[in-house]
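Here the structure comes first, spelled out in structure tokens, and everything after it is commentary.
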There are 4 protein chains.
Amino acid sequence: MHFASDNTAPVPPQVLEALIAANHGPAMPYGAEAAMATLTDRLRAVFEAPEAAVYLLATGTAANALSLACLCPPWGAVFCHAHAHVEEDECGAPEFFTGGAKLTLIGGADGKITPGALEAALAQGGHGVHNVQKGALSLTNTTEAGTVYSPDETAALCAMARAHGLPVHLDGARFANAVAATGASPAALTWQAGVDVLCLGGTKNGLLGAEAVVLFNPEKAWEFELRRKRAGHLLCKHRYLSAQFAAYLADDLWLKLAARANAAAARLAEGIARLPGAHLVHPPQANAVFAAFPREAHRRAHEAGAQYYLWPGHQSLEGPAAEPLSARLVCAWSTSDDEVDRFLALLGG
Amino acid sequence: MHFASDNTAPVPPQVLEALIAANHGPAMPYGAEAAMATLTDRLRAVFEAPEAAVYLLATGTAANALSLACLCPPWGAVFCHAHAHVEEDECGAPEFFTGGAKLTLIGGADGKITPGALEAALAQGGHGVHNVQKGALSLTNTTEAGTVYSPDETAALCAMARAHGLPVHLDGARFANAVAATGASPAALTWQAGVDVLCLGGTKNGLLGAEAVVLFNPEKAWEFELRRKRAGHLLCKHRYLSAQFAAYLADDLWLKLAARANAAAARLAEGIARLPGAHLVHPPQANAVFAAFPREAHRRAHEAGAQYYLWPGHQSLEGPAAEPLSARLVCAWSTSDDEVDRFLALLGG
Amino acid sequence: MHFASDNTAPVPPQVLEALIAANHGPAMPYGAEAAMATLTDRLRAVFEAPEAAVYLLATGTAANALSLACLCPPWGAVFCHAHAHVEEDECGAPEFFTGGAKLTLIGGADGKITPGALEAALAQGGHGVHNVQKGALSLTNTTEAGTVYSPDETAALCAMARAHGLPVHLDGARFANAVAATGASPAALTWQAGVDVLCLGGTKNGLLGAEAVVLFNPEKAWEFELRRKRAGHLLCKHRYLSAQFAAYLADDLWLKLAARANAAAARLAEGIARLPGAHLVHPPQANAVFAAFPREAHRRAHEAGAQYYLWPGHQSLEGPAAEPLSARLVCAWSTSDDEVDRFLALLGG
Amino acid sequence: MHFASDNTAPVPPQVLEALIAANHGPAMPYGAEAAMATLTDRLRAVFEAPEAAVYLLATGTAANALSLACLCPPWGAVFCHAHAHVEEDECGAPEFFTGGAKLTLIGGADGKITPGALEAALAQGGHGVHNVQKGALSLTNTTEAGTVYSPDETAALCAMARAHGLPVHLDGARFANAVAATGASPAALTWQAGVDVLCLGGTKNGLLGAEAVVLFNPEKAWEFELRRKRAGHLLCKHRYLSAQFAAYLADDLWLKLAARANAAAARLAEGIARLPGAHLVHPPQANAVFAAFPREAHRRAHEAGAQYYLWPGHQSLEGPAAEPLSARLVCAWSTSDDEVDRFLALLGG
């Protein structure tokens, strides 16, 4: 019963098989392997973006920070949600890679930027030389609260950014889950809505460690390549990245894995919502469930070895039995119905 | 006949098997997997350094640059060979990670820093506020010229650095080849000689993409962890790094792979040295051969599809047939005697 | 009638005379002039801090950013008020000089950090490797809202910082006004309360362009010197900085200038408070008045050429005559009673 | 007898008078004072560059580093002479401001870049993603060796840079001395020869502390302004900078001061060249003399209190009396014939 994160899951067999298949004879290093060109074509097709530049690297933090560094100058502000991964979970990587840009935090319920809050922040953003300049908008889809932006919602926020001359970055560590959840096309959720750069996650959705950066406008492609190399993120035996990602896209594996995780989360959310004294904290739209339920149920889960985070973290298992504590429960491609049901049975008592 | 680089080679079966073995059930992410603790113990034992802190990441450039950032302040000078990888092949990664330190280049034949040249540079190095301060010494073993430093040579250079209060970084992208070549113990070539931080390569010697940073003095361990995370180099599904490295160390696989590559290079060097009109450019002490031989031999090799670099790069296959052109020929763990012999036969005409 | 800022004022005669007096014969550059040693002694005496290291430079932004860079690592968070100068008016200088630290904004009425808000932010501040680490506390006295912290208030906030192991920076661009307003000793408002580094303003209080950085703990002195030089803030003909500052401290000129500016602001605030339809926005404790008064009064002032900022900036002189608009009115050492009275007469109509 | 540097000299009366004249009533801060617009027009006229953007700041190190940051990306190489001020005397400021660019050192006698050496370095400069990219050329005129580039020499080097797509920075800390020495127009020595950005020194040639940056192509003007502010180099009471510089240009004062310093150096050089056992180390073309003369002459000068640097610095006054030691002797606008003659008399013994 592992709901701590989708990054604790193993890798589906197709991906390991792809590594094994790639492991024959010499291959050109640093992305010059033939498989990378094929993958680029495949990603362009999936995104209906024949001009897009595509790069692979090993972590989402690097993908995000390198992308932001290409979009926002050192004296710029990146507008992002107050609970965005770039703000809370990357130890200041965006500040490091951009050369000291500032993250300007925007509020909004359920992990989503409120259009009005963004508009106000943009209106207030610096013009004069004493202020940090407006630099870029950074969205996250699936959000950190397990919710998703629709294509229309994405487009509305991107339009505001564009009206102020700002490019848009999309942290898509769980983008596959958003596609699976909305049924929208990858294009509709990205460049058609106004996104300039997508960080397309692979790792949280089943790969060993591979993320793609998709620059819909390839103008910054060479700059991205230099920044990636200079940051030590150009992998030498790159064939093992492209092999992972090719397997990920083949037969829509990425969307099947995401759909599986989403379904597990839906099953989990429905079960919790039915529990006495429980309620959902955010609408569970992808593969994470944020829910509150009685402390005694947490205790039973804890004693049985279930793994997940109390969220926010300062809550304690000590205290009145009936008091609800909130938790984050993340499902992965590998989460089974049985695992969910056993967990729900535990909570039910 | 691939002698372009050791990074074009595939991965030995033991390493892929280790990945497959690691791919069961959930595992804690970010280095908290149980296998990492075991690996740390193993590396400490190999290096006879029970206090050492050990970290894994995916590229050697990152390993070097993060290490240097821990050793050298932004206003410091890193003393390194004029042809060091940190100077020539990392697109300024050391400057980026250190926050703008300066690389001060030291000469020396065959890729090795001459003690006298280092002493002179250290003596001249800045004291006053107008100058960049002396920051760190960076060595490379196996060097970029395919030569190795003995423990005594390493100790002599480290002693000079220490006399000026400088810590020492060792770029060990091909450290295994140096151990195999010298027969010295890993300890003798590192901390016993005065090295503070070793970047221990795995990728060029057979792994998919895994390097270890060994901090013999763990004082900077937490800083290293923060810098690694902030740089996007803390891998999420870290079990696939620790599994690679555990397989690498098991049964001395790392040294066996290196010995194989060194032996191939020796065979190649001996063969070339016997060719009419050929000579070795640097003493071939590890897995690379720098040699000059007639242009017509290069043409035959080229036409037969052999892959390697003319070194330096500005030479041309057009010109007098007998004129010698110099080349770099790198052998990998997977280079076969047959491959070497076919290549030598081609050169011989 | 100039209330736009204290930085539009000229320089008192004593300061120009000191420049003239310093302009004889050769002098050692870069702070090695004899007058700098004398000044250091004088500043140490004023602050009862015989060990303090003292440095001069030409701008407050540089003083703040260099100080923070010495106190907070690149992966740290600087806790500061949401309207601090370091956040709002320095175009990201702290992020630049620190190498990408993050400013974490704390709320509080009247420009002052609320102890509870600081405590909450510190409690929440990152411990794990994924989070920016707690780095430093930055206070401002006189605040950007024209209020002052007492020694006790300063000490309370510093104690919270210290309990979390954080050093404290004090932006004292208008520190003289705070000393004059509170009657507290310079020591009581700084190191005795727990401040590690003071940026002691001179420019806004009458100098041509000179600020002092006082490191009460000299441990970081050499680092500060290197950072200053490397940032281009070590002035060559330094005698013209030390001469300014010496004149500033002689006969308590700095406190007399500040007292004059404070008195002008008090006179202005009292006058405004008596106007019908007017009220003070923040308690006027130093040399700035934040007040709201009817639009028609603003119009009269505007037409008569009075200079000051509507605060916040989005307000318009167009609209209902009686509606109050808020403004920031800053007095300088050179503001005369006559200037204040003429302005009040204008507002009164 | 002060020949240590031109930065130990006082300020000519015209400059102090200008400060006094500027010290009346309020003035807009941050370069918005009326005098700055006038000065910009004046500088444009002097340089025959009606589109140029002009900025003032307090130090030459800042002027150089901010200019280079506008011209060279973080992953770029700045080609400069091995003894350039940006390399040797700025504690790594260019690396700091550019975000980690690399200085690639070019040789050349008498402080001047040899065209062939530049061409070779440019030809070798990185193209691929593993190398630092070619970023900018940085020249210095007057050089650190007291020599000057003619317009033709400047143009030849700039043309090489342009052929590789590189912009050109000119460190003109002693540009006035070069104009005075060559008799060439300011335009001929800068933009007409291919220079993009000039750092026009004031401080070493008589100002308290003021340097101008002239962007002949104003495309980067706003970026420069943001970088200057963010670096803390936008002076608040800016009127005291523009007043200095206006006085500097009025009646060609800048060229008269430089001519006086150059004449003093010529007198000094001629005198030394006539001494037995003495010779000039570099041709004395501006206001510095590099010369070698017997140790006993140095001893006499030293005992009489003459100030200058043995150059290079490792030489000692202890040793054989007749052995020549080399020195750097810098004349300022304020160096008198009497001072020179007394010094020569001392050396003569």
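Following the order of the structure tokens, first chain is A, next is B, and so on, with residues numbered from 1 inside each chain and ligands from 1 in the order they appear.
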* **Exercise answer, chain A residues close to chain C, 7 Å and only C-alpha atoms, as a list of chain:residue names** => A:Trp75, A:Glu88, A:Asp89, A:Glu90, A:Cys91, A:Gly92, A:Glu95, A:Phe96, A:Gly99, A:Gly100, A:Ala101, A:Val129, A:His130, A:Asn131, A:Val132
Let me see the file: selected residues, all heavy atoms, as an mmCIF file, in the first residue's frame.
```cif
data_model
loop_
_atom_site.group_PDB
_atom_site.id
_atom_site.type_symbol
_atom_site.label_atom_id
_atom_site.label_comp_id
_atom_site.auth_asym_id
_atom_site.auth_seq_id
_atom_site.Cartn_x
_atom_site.Cartn_y
_atom_site.Cartn_z
ATOM 1 N N TRP A 75 16.839 39.147 -14.674
ATOM 2 C CA TRP A 75 16.130 40.238 -13.995
ATOM 3 C C TRP A 75 14.610 40.115 -14.175
ATOM 4 O O TRP A 75 13.894 41.092 -13.998
ATOM 5 C CB TRP A 75 16.620 41.587 -14.528
ATOM 6 C CG TRP A 75 16.645 41.630 -16.014
ATOM 7 C CD1 TRP A 75 15.607 41.903 -16.856
ATOM 8 C CD2 TRP A 75 17.765 41.343 -16.857
ATOM 9 N NE1 TRP A 75 16.013 41.797 -18.154
ATOM 10 C CE2 TRP A 75 17.327 41.461 -18.189
ATOM 11 C CE3 TRP A 75 19.102 40.993 -16.608
ATOM 12 C CZ2 TRP A 75 18.180 41.237 -19.270
ATOM 13 C CZ3 TRP A 75 19.930 40.761 -17.694
ATOM 14 C CH2 TRP A 75 19.478 40.895 -18.998
ATOM 15 N N GLU A 88 8.408 25.187 -4.608
ATOM 16 C CA GLU A 88 8.462 24.481 -3.325
ATOM 17 C C GLU A 88 9.403 23.286 -3.273
ATOM 18 O O GLU A 88 9.797 22.885 -2.187
ATOM 19 C CB GLU A 88 7.050 24.001 -2.955
ATOM 20 C CG GLU A 88 6.074 25.146 -2.707
ATOM 21 C CD GLU A 88 4.976 24.771 -1.731
ATOM 22 O OE1 GLU A 88 4.534 23.609 -1.787
ATOM 23 O OE2 GLU A 88 4.578 25.639 -0.925
ATOM 24 N N ASP A 89 9.708 22.700 -4.401
ATOM 25 C CA ASP A 89 10.374 21.392 -4.338
ATOM 26 C C ASP A 89 11.649 21.282 -5.135
ATOM 27 O O ASP A 89 12.103 20.181 -5.418
ATOM 28 C CB ASP A 89 9.388 20.318 -4.823
ATOM 29 C CG ASP A 89 8.183 20.212 -3.921
ATOM 30 O OD1 ASP A 89 8.371 19.840 -2.756
ATOM 31 O OD2 ASP A 89 7.074 20.548 -4.361
ATOM 32 N N GLU A 90 12.228 22.397 -5.525
ATOM 33 C CA GLU A 90 13.409 22.290 -6.384
ATOM 34 C C GLU A 90 14.617 23.009 -5.805
ATOM 35 O O GLU A 90 15.589 23.289 -6.501
ATOM 36 C CB GLU A 90 13.061 22.803 -7.803
ATOM 37 C CG GLU A 90 11.896 22.006 -8.398
ATOM 38 C CD GLU A 90 11.583 22.298 -9.858
ATOM 39 O OE1 GLU A 90 12.134 23.265 -10.404
ATOM 40 O OE2 GLU A 90 10.776 21.555 -10.427
ATOM 41 N N CYS A 91 14.551 23.302 -4.519
ATOM 42 C CA CYS A 91 15.696 23.890 -3.814
ATOM 43 C C CYS A 91 16.265 25.111 -4.541
ATOM 44 O O CYS A 91 17.468 25.349 -4.544
ATOM 45 C CB CYS A 91 16.783 22.841 -3.605
ATOM 46 S SG CYS A 91 17.987 23.329 -2.357
ATOM 47 N N GLY A 92 15.377 25.853 -5.175
ATOM 48 C CA GLY A 92 15.841 27.068 -5.834
ATOM 49 C C GLY A 92 16.483 26.846 -7.186
ATOM 50 O O GLY A 92 17.191 27.728 -7.687
ATOM 51 N N GLU A 95 15.972 29.696 -9.706
ATOM 52 C CA GLU A 95 16.808 30.852 -9.414
ATOM 53 C C GLU A 95 18.249 30.591 -9.856
ATOM 54 O O GLU A 95 18.926 31.486 -10.370
ATOM 55 C CB GLU A 95 16.772 31.164 -7.903
ATOM 56 C CG GLU A 95 15.469 31.765 -7.415
ATOM 57 C CD GLU A 95 14.432 30.749 -6.969
ATOM 58 O OE1 GLU A 95 14.568 29.550 -7.300
ATOM 59 O OE2 GLU A 95 13.481 31.148 -6.266
ATOM 60 N N PHE A 96 18.718 29.386 -9.638
ATOM 61 C CA PHE A 96 20.094 29.051 -10.011
ATOM 62 C C PHE A 96 20.284 29.093 -11.524
ATOM 63 O O PHE A 96 21.206 29.738 -12.045
ATOM 64 C CB PHE A 96 20.440 27.667 -9.454
ATOM 65 C CG PHE A 96 21.763 27.119 -9.893
ATOM 66 C CD1 PHE A 96 22.915 27.890 -9.820
ATOM 67 C CD2 PHE A 96 21.878 25.814 -10.350
ATOM 68 C CE1 PHE A 96 24.141 27.372 -10.213
ATOM 69 C CE2 PHE A 96 23.100 25.287 -10.741
ATOM 70 C CZ PHE A 96 24.226 26.071 -10.672
ATOM 71 N N GLY A 99 19.996 32.530 -13.280
ATOM 72 C CA GLY A 99 20.921 33.575 -12.868
ATOM 73 C C GLY A 99 20.282 34.557 -11.915
ATOM 74 O O GLY A 99 20.681 35.715 -11.858
ATOM 75 N N GLY A 100 19.282 34.080 -11.162
ATOM 76 C CA GLY A 100 18.731 34.928 -10.111
ATOM 77 C C GLY A 100 17.389 35.572 -10.424
ATOM 78 O O GLY A 100 17.082 36.631 -9.871
ATOM 79 N N ALA A 101 16.582 34.958 -11.269
ATOM 80 C CA ALA A 101 15.226 35.473 -11.478
ATOM 81 C C ALA A 101 14.410 35.275 -10.198
ATOM 82 O O ALA A 101 14.799 34.532 -9.297
ATOM 83 C CB ALA A 101 14.566 34.772 -12.649
ATOM 84 N N VAL A 129 13.092 50.628 -13.936
ATOM 85 C CA VAL A 129 14.383 49.972 -13.808
ATOM 86 C C VAL A 129 14.644 49.461 -12.393
ATOM 87 O O VAL A 129 15.521 48.629 -12.185
ATOM 88 C CB VAL A 129 15.502 50.936 -14.270
ATOM 89 C CG1 VAL A 129 15.849 51.940 -13.187
ATOM 90 C CG2 VAL A 129 16.739 50.183 -14.713
ATOM 91 N N HIS A 130 13.860 49.959 -11.431
ATOM 92 C CA HIS A 130 14.079 49.521 -10.055
ATOM 93 C C HIS A 130 13.426 48.178 -9.755
ATOM 94 O O HIS A 130 13.685 47.571 -8.718
ATOM 95 C CB HIS A 130 13.554 50.575 -9.074
ATOM 96 C CG HIS A 130 14.237 51.884 -9.237
ATOM 97 N ND1 HIS A 130 15.471 52.143 -8.709
ATOM 98 C CD2 HIS A 130 13.890 52.996 -9.911
ATOM 99 C CE1 HIS A 130 15.855 53.364 -9.030
ATOM 100 N NE2 HIS A 130 14.907 53.910 -9.770
ATOM 101 N N ASN A 131 12.545 47.746 -10.642
ATOM 102 C CA ASN A 131 11.777 46.535 -10.375
ATOM 103 C C ASN A 131 12.255 45.381 -11.237
ATOM 104 O O ASN A 131 12.704 45.577 -12.366
ATOM 105 C CB ASN A 131 10.295 46.773 -10.713
ATOM 106 C CG ASN A 131 9.751 48.013 -10.037
ATOM 107 O OD1 ASN A 131 9.229 48.893 -10.703
ATOM 108 N ND2 ASN A 131 9.916 48.092 -8.738
ATOM 109 N N VAL A 132 12.105 44.209 -10.690
ATOM 110 C CA VAL A 132 12.228 43.022 -11.512
ATOM 111 C C VAL A 132 11.196 43.110 -12.631
ATOM 112 O O VAL A 132 10.070 43.557 -12.417
ATOM 113 C CB VAL A 132 12.006 41.777 -10.628
ATOM 114 C CG1 VAL A 132 11.770 40.542 -11.449
ATOM 115 C CG2 VAL A 132 13.211 41.586 -9.705
#
```
Show which residues sit within 10 Å of stretch 140-146 of chain B, as a CSV table (one decimal) with C-alpha atoms, in the first residue's frame. Count only C-alpha atoms, and ignore same-chain residues fewer than 6 positions away.
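Done, and the output landed in selection33.csv:
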```
chain,number,residue,atom,x,y,z
B,80,CYS,CA,44.0,22.6,-14.0
B,81,HIS,CA,45.8,21.3,-17.0
B,83,HIS,CA,43.7,20.3,-21.8
B,84,ALA,CA,41.6,19.2,-18.9
B,85,HIS,CA,38.0,18.1,-19.6
B,86,VAL,CA,36.8,20.8,-17.2
B,109,ALA,CA,53.6,17.2,-21.6
B,110,ASP,CA,51.3,14.2,-22.2
B,111,GLY,CA,48.3,15.7,-20.5
B,112,LYS,CA,50.1,15.8,-17.1
B,113,ILE,CA,50.7,18.9,-15.0
B,154,THR,CA,49.6,12.6,-7.5
B,169,HIS,CA,39.6,17.6,-7.0
B,170,LEU,CA,40.3,14.5,-9.1
B,171,ASP,CA,38.4,14.0,-12.3
B,172,GLY,CA,38.2,10.3,-12.4
B,173,ALA,CA,36.0,9.7,-15.5
B,174,ARG,CA,38.6,7.0,-16.3
B,175,PHE,CA,39.8,6.4,-12.8
B,176,ALA,CA,39.3,2.6,-13.1
B,177,ASN,CA,41.7,2.6,-16.0
B,178,ALA,CA,44.3,4.4,-13.9
B,179,VAL,CA,43.9,1.8,-11.1
B,181,ALA,CA,47.1,0.6,-15.2
B,189,LEU,CA,45.6,7.2,-5.9
B,190,THR,CA,43.3,9.4,-4.0
B,198,LEU,CA,37.0,12.1,-6.4
B,199,CYS,CA,34.6,12.0,-9.3
B,262,ASN,CA,43.6,-1.0,-21.3
B,265,ALA,CA,44.7,-0.1,-26.2
B,281,VAL,CA,52.3,10.8,-29.7
B,282,HIS,CA,51.8,10.1,-26.0
B,283,PRO,CA,52.8,7.0,-24.0
B,284,PRO,CA,49.7,4.8,-24.1
B,285,GLN,CA,49.2,4.0,-20.4
B,286,ALA,CA,45.5,3.3,-20.2
B,287,ASN,CA,42.7,2.9,-22.8
B,288,ALA,CA,43.5,5.6,-25.3
B,289,VAL,CA,46.2,5.7,-28.0
B,290,PHE,CA,47.4,8.9,-29.5
B,328,ARG,CA,43.1,9.7,-30.9
B,329,LEU,CA,41.9,6.1,-30.6
B,330,VAL,CA,40.0,5.1,-27.6
```
* Spatial neighbours of stretch 150-153 of chain C, 7 Å, only C-alpha atoms, chain gap at least 3 places, as a ChimeraX atom specification -> /C:156-157,182,188-189,193
Keeping N, CA, C and O atoms, export the residues of the selection given above as a PDB file, in the first residue's frame.
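That gives us part15.pdb:
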```
ATOM      1  N   ALA C 156      13.446  41.152  19.524  1.00  0.00           N
ATOM      2  CA  ALA C 156      12.503  40.035  19.492  1.00  0.00           C
ATOM      3  C   ALA C 156      12.580  39.295  18.159  1.00  0.00           C
ATOM      4  O   ALA C 156      12.591  38.056  18.114  1.00  0.00           O
ATOM      5  N   LEU C 157      12.639  40.056  17.091  1.00  0.00           N
ATOM      6  CA  LEU C 157      12.723  39.420  15.769  1.00  0.00           C
ATOM      7  C   LEU C 157      14.071  38.721  15.569  1.00  0.00           C
ATOM      8  O   LEU C 157      14.147  37.610  15.042  1.00  0.00           O
ATOM      9  N   THR C 182      14.034  57.203  17.828  1.00  0.00           N
ATOM     10  CA  THR C 182      13.878  56.405  19.047  1.00  0.00           C
ATOM     11  C   THR C 182      14.698  56.942  20.204  1.00  0.00           C
ATOM     12  O   THR C 182      14.385  56.654  21.364  1.00  0.00           O
ATOM     13  N   ALA C 188      22.275  49.758  20.564  1.00  0.00           N
ATOM     14  CA  ALA C 188      21.033  49.126  21.023  1.00  0.00           C
ATOM     15  C   ALA C 188      20.146  48.717  19.861  1.00  0.00           C
ATOM     16  O   ALA C 188      19.393  47.740  19.948  1.00  0.00           O
ATOM     17  N   LEU C 189      20.225  49.469  18.789  1.00  0.00           N
ATOM     18  CA  LEU C 189      19.379  49.169  17.626  1.00  0.00           C
ATOM     19  C   LEU C 189      20.028  48.162  16.685  1.00  0.00           C
ATOM     20  O   LEU C 189      19.444  47.808  15.662  1.00  0.00           O
ATOM     21  N   ALA C 193      20.900  44.139  19.859  1.00  0.00           N
ATOM     22  CA  ALA C 193      19.614  43.493  19.592  1.00  0.00           C
ATOM     23  C   ALA C 193      19.760  42.209  18.786  1.00  0.00           C
ATOM     24  O   ALA C 193      18.786  41.486  18.607  1.00  0.00           O
TER      25      ALA C 193
END
```
* **Shell around B:Leu310 at 10 Å using only C-alpha atoms, local window under 5 positions removed, as a PyMOL selection string** => chain B and resi 4+290-292+298+315-317+325-329
Could you dump the residues just selected with N, CA, C and O atoms as a PDB file, in the first residue's frame?
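The resulting file, part_35.pdb, is shown below:
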```pdb
ATOM      1  N   ALA B   4      36.173   5.975 -31.569  1.00  0.00           N
ATOM      2  CA  ALA B   4      35.864   7.399 -31.390  1.00  0.00           C
ATOM      3  C   ALA B   4      35.860   7.776 -29.917  1.00  0.00           C
ATOM      4  O   ALA B   4      36.382   8.810 -29.527  1.00  0.00           O
ATOM      5  N   PHE B 290      47.212   7.752 -28.621  1.00  0.00           N
ATOM      6  CA  PHE B 290      47.422   8.933 -29.464  1.00  0.00           C
ATOM      7  C   PHE B 290      48.614   8.624 -30.350  1.00  0.00           C
ATOM      8  O   PHE B 290      49.731   8.428 -29.836  1.00  0.00           O
ATOM      9  N   ALA B 291      48.357   8.554 -31.631  1.00  0.00           N
ATOM     10  CA  ALA B 291      49.417   8.096 -32.535  1.00  0.00           C
ATOM     11  C   ALA B 291      49.337   8.823 -33.867  1.00  0.00           C
ATOM     12  O   ALA B 291      48.284   9.300 -34.267  1.00  0.00           O
ATOM     13  N   ALA B 292      50.479   8.910 -34.519  1.00  0.00           N
ATOM     14  CA  ALA B 292      50.529   9.490 -35.854  1.00  0.00           C
ATOM     15  C   ALA B 292      50.927   8.393 -36.834  1.00  0.00           C
ATOM     16  O   ALA B 292      51.805   7.575 -36.534  1.00  0.00           O
ATOM     17  N   HIS B 298      45.251   6.385 -42.873  1.00  0.00           N
ATOM     18  CA  HIS B 298      43.994   6.985 -42.412  1.00  0.00           C
ATOM     19  C   HIS B 298      42.909   6.842 -43.474  1.00  0.00           C
ATOM     20  O   HIS B 298      41.758   6.528 -43.164  1.00  0.00           O
ATOM     21  N   GLN B 315      43.250  18.708 -39.024  1.00  0.00           N
ATOM     22  CA  GLN B 315      43.962  17.982 -40.073  1.00  0.00           C
ATOM     23  C   GLN B 315      42.993  17.484 -41.148  1.00  0.00           C
ATOM     24  O   GLN B 315      41.815  17.318 -40.897  1.00  0.00           O
ATOM     25  N   SER B 316      43.526  17.204 -42.295  1.00  0.00           N
ATOM     26  CA  SER B 316      42.672  16.818 -43.415  1.00  0.00           C
ATOM     27  C   SER B 316      43.162  15.536 -44.066  1.00  0.00           C
ATOM     28  O   SER B 316      44.368  15.295 -44.167  1.00  0.00           O
ATOM     29  N   LEU B 317      42.221  14.731 -44.533  1.00  0.00           N
ATOM     30  CA  LEU B 317      42.591  13.507 -45.251  1.00  0.00           C
ATOM     31  C   LEU B 317      43.140  13.818 -46.638  1.00  0.00           C
ATOM     32  O   LEU B 317      43.736  12.944 -47.283  1.00  0.00           O
ATOM     33  N   LEU B 325      49.487  11.872 -40.028  1.00  0.00           N
ATOM     34  CA  LEU B 325      48.439  12.629 -39.321  1.00  0.00           C
ATOM     35  C   LEU B 325      48.258  11.972 -37.964  1.00  0.00           C
ATOM     36  O   LEU B 325      48.341  10.751 -37.834  1.00  0.00           O
ATOM     37  N   SER B 326      47.960  12.790 -36.959  1.00  0.00           N
ATOM     38  CA  SER B 326      47.802  12.207 -35.628  1.00  0.00           C
ATOM     39  C   SER B 326      46.324  11.971 -35.323  1.00  0.00           C
ATOM     40  O   SER B 326      45.448  12.652 -35.837  1.00  0.00           O
ATOM     41  N   ALA B 327      46.088  10.974 -34.479  1.00  0.00           N
ATOM     42  CA  ALA B 327      44.722  10.557 -34.173  1.00  0.00           C
ATOM     43  C   ALA B 327      44.608  10.161 -32.711  1.00  0.00           C
ATOM     44  O   ALA B 327      45.610   9.840 -32.065  1.00  0.00           O
ATOM     45  N   ARG B 328      43.365  10.230 -32.238  1.00  0.00           N
ATOM     46  CA  ARG B 328      43.050   9.664 -30.915  1.00  0.00           C
ATOM     47  C   ARG B 328      42.221   8.415 -31.133  1.00  0.00           C
ATOM     48  O   ARG B 328      41.211   8.447 -31.828  1.00  0.00           O
ATOM     49  N   LEU B 329      42.640   7.339 -30.515  1.00  0.00           N
ATOM     50  CA  LEU B 329      41.934   6.056 -30.646  1.00  0.00           C
ATOM     51  C   LEU B 329      41.622   5.534 -29.254  1.00  0.00           C
ATOM     52  O   LEU B 329      42.531   5.236 -28.484  1.00  0.00           O
TER      53      LEU B 329
END
```
* To do: Could you give me, as a PyMOL selection string, the residues within 9 Å of B:Leu57, counting only C-alpha atoms and dropping anything in the same chain fewer than 3 positions from it?
  => chain B and resi 60+62-63+209-213+228+233-235+238+241
* Quick one: everything within 7 Å of D:Ala18, counting only C-alpha atoms, minus sequence neighbours fewer than 2 positions away in the same chain. Send it as JSON, numbers by chain. => {"D": [14, 15, 16, 20, 21, 22, 243, 244, 247]}
* To do: Please identify all polymer residues within 12 Å of D:Asp41, counting only C-alpha atoms, omitting same-chain residues fewer than 4 positions from it, and present them as a PyMOL selection string.
  => chain D and resi 34-37+45-55+214+246+249
Export C-alpha atoms of the chosen residues as a compact mmCIF listing (two decimals), in the first residue's frame?
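Generated output (part_0.txt):
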```
# COMPACT_ATOMS: atom_id res chain seq x y z
CA ALA D 34 18.51 67.54 -16.59
CA ALA D 35 22.30 67.65 -16.68
CA MET D 36 22.47 64.02 -17.76
CA ALA D 37 20.55 64.67 -20.96
CA ALA D 45 28.91 64.90 -30.28
CA VAL D 46 32.41 64.10 -29.06
CA PHE D 47 32.09 60.62 -30.52
CA GLU D 48 30.15 61.64 -33.64
CA ALA D 49 27.63 59.01 -32.64
CA PRO D 50 24.16 60.54 -32.46
CA GLU D 51 22.45 57.24 -31.61
CA ALA D 52 24.77 56.15 -28.86
CA ALA D 53 23.39 55.32 -25.42
CA VAL D 54 25.46 56.70 -22.57
CA TYR D 55 25.54 55.64 -18.93
CA VAL D 214 29.05 54.32 -24.45
CA ALA D 246 30.35 67.45 -17.84
CA LEU D 249 34.42 67.18 -21.30
```
